[in-house]
Every structure is written in C-alpha cells, then in structure tokens.
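Structure record follows, encoded as structure tokens.
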Amino acid sequence: MKNSEDREAAAEIDLKLEDLPSESLVGLVRLYSRLMMDIDGLWFLSMKDRVSNEEAIACDNWVWGRVVKKMLDDLAGLIGVQGRDVVDFMRVVQATPLHHVVEETMQAQNRNRATLTVTHCPTLVALEKEDAGRDTLHCRLACSVTRTRHAKLFNPAIEVECLTMPPRKDKQGIFCRWEYRIGWSA
C-alpha cells in the first residue's frame with residue numbers, strides 16, 4: 001500500500017497543460033516560439049557554413065514554404081478566424097511563433113489594407129552586428145519571399161509591398177515596414 005507521500009508524488013508528476021495557470025501557458029508559448037526560431041537560425045547557420053548563404057536562404061524558404069500553409073490554417077481554426085481578408089490575416093500572424101520573437105505593430109486602414117511595422121528583429125540585430133552585408137540580402141531574399149508567400153497562402157488576393165527595408169540608416173529606428181492589401185484601391 002502506498003503512503004500519502006507516494007500518492008502526492010504520483011499526482012505531482014502528472015503535468016497537464018489544462019491545469020497550468022494562463023501566465024504559465026503564455027510563458028510556454030513564448031519559450032516554444034523562441035526555441036523554434038533558435039532552431040531555425042542554427043539550422044540556417046549550419047547550412048550557410050556548409051554550402052553558402054544563398055543556398056541556405058533557398059533551403060530555409062523551401063522548408064518554411066512547406067510548413068506555413070498548414071500552420072496558417074491550423075492557427076486560424078484555433079483562434080476562431082473564419083474570414084480571409086487582410087485583418088483576418090493579421091490576426092493569424094499574431095498567433096505565429098515568429099510574432100512572439102519579433103516585435104511588430106499592426107495598423108488596419110480597413111478590412112482589406114493594413115501596415116505591419118517590425119520594431120525589433122533579433123535576426124537583423126545579429127546580422128547588423130556581424131557587419132558582413134548580409135542584412136539587406138537576408139531581408140530581400142528571405143523576409144520578402146516569406147511574407148509574400150504567407151499572405152498568398154492565406155488568401156491569394158493579398159498583395160504585399162515592402163515600404164521600408166534594411167539597411168537601416170538609424171539603428172534606433174524601425175527595422176522594416178510592410179503593407180498588406182487586397183486590391184490596389186483598398
């Protein structure tokens with residue numbers, strides 16, 4: 001027969017997410033998001049060192065292209081997004097792992113037009129610190145491609161335009177700014 005300490009230990013070892021307080025769940029989402037981006041970054045650097053920066057970007061874009069469609073659809077269902085306009089896309093973007101690592105602000109002009117401004121990007125900070133000129137290349141070949149692909153996978157009618165892209169003149173300023181819209185006159 002088990003004593004009370006044994007029963008308590010058995011009960012304590014059975015961790016269920018449903019039993020955690022909301023602060024712990026938010027912390028887990030942020031931790032998992034950061035770890036996911038760390039793994040992506042380390043994988044990228046290993047590819048760059050083994051092959052080339054351009055090939056690493058191409059592989060990174062290929063991998064994320066395979067993951068994103070399912071991720072966007074799953075996240076939309078999880079957070080109750082049923083529409084497919086720009087505001088709905090912005091809501092889903094806020095649930096992605098990247099949004100919990102990169103600091104972004106979003107402003108909707110209407111349901112079919114919004115601006116996303118990156119106010120802090122750990123990747124760009126590291127690339128600027130490296131000072132090898134990869135900041136502009138990375139943003140042009142990786143961020144532009146992925147942001148456009150993500151929007152098109154969510155709704156093929158969404159257009160993406162980069163309004164501000166590195167290199168940054170003022171290292172204290174914004175990192176980049178994007179406009180998402182359906183229809184040019186939106």
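Going by the structure tokens order, chains are called A, B, ..., each with residues numbered from 1, while ligands are numbered from 1 in the order shown.
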According to DSSP computed on the backbone, where in chain A is there alpha helix (DSSP H)? Give the residues as an MDAnalysis selection string. chainID A and resid 4:12 22:50 53:79 86:93 122:130 134:138 144:154
Find the residues near region 73-86 of chain A: any atom within 12 Å, counting only C-alpha atoms, skip ones fewer than 4 places away on the same chain, and give them as a PyMOL selection string. chain A and resi 67-69+90-97+106-116+150-160+179-183+186
Mind checking DSSP for region 110-156 of chain A and telling me the strand (DSSP E) residues as a compact mmCIF listing (two decimals) with all heavy atoms, in the first residue's frame?
```
# COMPACT_ATOMS: atom_id res chain seq x y z
N ASN A 110 -8.40 49.53 -43.16
CA ASN A 110 -9.75 48.97 -43.32
C ASN A 110 -9.59 47.46 -43.36
O ASN A 110 -8.48 46.95 -43.13
CB ASN A 110 -10.45 49.53 -44.58
CG ASN A 110 -9.67 49.28 -45.85
OD1 ASN A 110 -9.27 48.15 -46.14
ND2 ASN A 110 -9.45 50.34 -46.63
N ARG A 113 -6.77 46.40 -45.93
CA ARG A 113 -5.49 47.10 -46.01
C ARG A 113 -4.95 47.32 -44.60
O ARG A 113 -5.65 47.84 -43.73
CB ARG A 113 -5.64 48.43 -46.72
CG ARG A 113 -4.34 49.15 -46.94
CD ARG A 113 -4.55 50.40 -47.73
NE ARG A 113 -3.31 51.13 -47.87
CZ ARG A 113 -3.22 52.39 -48.22
NH1 ARG A 113 -4.32 53.07 -48.52
NH2 ARG A 113 -2.07 52.96 -48.33
N ALA A 114 -3.68 46.90 -44.41
CA ALA A 114 -3.04 47.07 -43.10
C ALA A 114 -1.54 47.25 -43.28
O ALA A 114 -0.97 46.81 -44.28
CB ALA A 114 -3.33 45.87 -42.20
N THR A 115 -0.94 47.87 -42.29
CA THR A 115 0.51 48.07 -42.27
C THR A 115 1.07 47.32 -41.08
O THR A 115 0.54 47.39 -39.98
CB THR A 115 0.86 49.56 -42.15
OG1 THR A 115 0.22 50.27 -43.22
CG2 THR A 115 2.35 49.79 -42.23
N LEU A 116 2.15 46.58 -41.32
CA LEU A 116 2.85 45.86 -40.27
C LEU A 116 4.24 46.48 -40.17
O LEU A 116 4.95 46.59 -41.17
CB LEU A 116 2.95 44.38 -40.62
CG LEU A 116 3.65 43.48 -39.60
CD1 LEU A 116 3.00 42.10 -39.61
CD2 LEU A 116 5.14 43.37 -39.86
N THR A 117 4.61 46.90 -38.98
CA THR A 117 5.91 47.52 -38.74
C THR A 117 6.69 46.66 -37.76
O THR A 117 6.20 46.35 -36.67
CB THR A 117 5.76 48.94 -38.17
OG1 THR A 117 4.98 49.72 -39.10
CG2 THR A 117 7.11 49.60 -37.96
N VAL A 118 7.88 46.26 -38.15
CA VAL A 118 8.76 45.50 -37.26
C VAL A 118 9.58 46.50 -36.46
O VAL A 118 10.35 47.28 -37.04
CB VAL A 118 9.66 44.52 -38.04
CG1 VAL A 118 10.63 43.82 -37.10
CG2 VAL A 118 8.81 43.52 -38.81
N THR A 119 9.40 46.49 -35.15
CA THR A 119 10.11 47.43 -34.28
C THR A 119 11.33 46.80 -33.61
O THR A 119 12.16 47.51 -33.06
CB THR A 119 9.15 47.98 -33.21
OG1 THR A 119 8.60 46.88 -32.46
CG2 THR A 119 8.03 48.80 -33.85
N HIS A 120 11.43 45.48 -33.68
CA HIS A 120 12.64 44.79 -33.21
C HIS A 120 12.72 43.43 -33.88
O HIS A 120 11.75 42.66 -33.88
CB HIS A 120 12.64 44.60 -31.69
CG HIS A 120 13.88 43.91 -31.21
ND1 HIS A 120 15.09 44.53 -31.13
CD2 HIS A 120 14.09 42.63 -30.83
CE1 HIS A 120 16.00 43.67 -30.71
NE2 HIS A 120 15.42 42.50 -30.52
```
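Residues within 12 Å of Gly41 (chain A), counting only C-alpha atoms and excluding same-chain residues fewer than 3 positions away, are Arg34, Leu35, Met36, Met37, Asp38, Phe44, Leu45, Ser46, Met47, Lys48, Ala56, Ile57, Asp60, Leu98, Pro122, Thr123, Leu124, Ala126 and Leu127 of chain A.
Counting from CA of Glu130 (chain A), the distance to CA of Pro167 (chain A) is 13.1 Å.
Shortest separation to Arg147 (chain A) among A:Gly27, A:Pro21, A:Gly65, A:Gly173 occurs at residue A:Gly65, atoms counted being only C-alpha atoms.
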Between A:Pro166, A:Leu20, A:Asn53, A:Ser33, which residue has the minimum interatomic distance to Glu128 (chain A), considering only C-alpha atoms? A:Pro166
Hey, what's within 10 Å of Leu141 (chain A) if we count only C-alpha atoms and toss same-chain stuff fewer than 5 positions away? As an MDAnalysis selection string, please? chainID A and resid 54 57:58 61 136 146
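CA of His100 (chain A) sits 11.0 Å away from CA of Leu28 (chain A).
Comparing the minimum interatomic distances between Leu72 (chain A) and each of A:Arg149, A:Arg50, A:His138, A:Ser4, counting only C-alpha atoms, we find that A:Arg149 sits nearest.
The smallest atom-to-atom distance between Trp43 (chain A) and any of A:Arg134, A:Arg30, A:Val63, A:Asp14, using only C-alpha atoms, is found for A:Val63.
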Fewer than 5 positions away in the same chain doesn't count, so skip those; otherwise give me all residues within 8 Å of Cys162 (chain A), counting only C-alpha atoms, as an MDAnalysis selection string. chainID A and resid 144 176:179
Among the residues A:Ala9, A:Val29, A:Ile174, A:Ala142, the one that comes closest to Val101 (chain A) [using only C-alpha atoms]: A:Val29
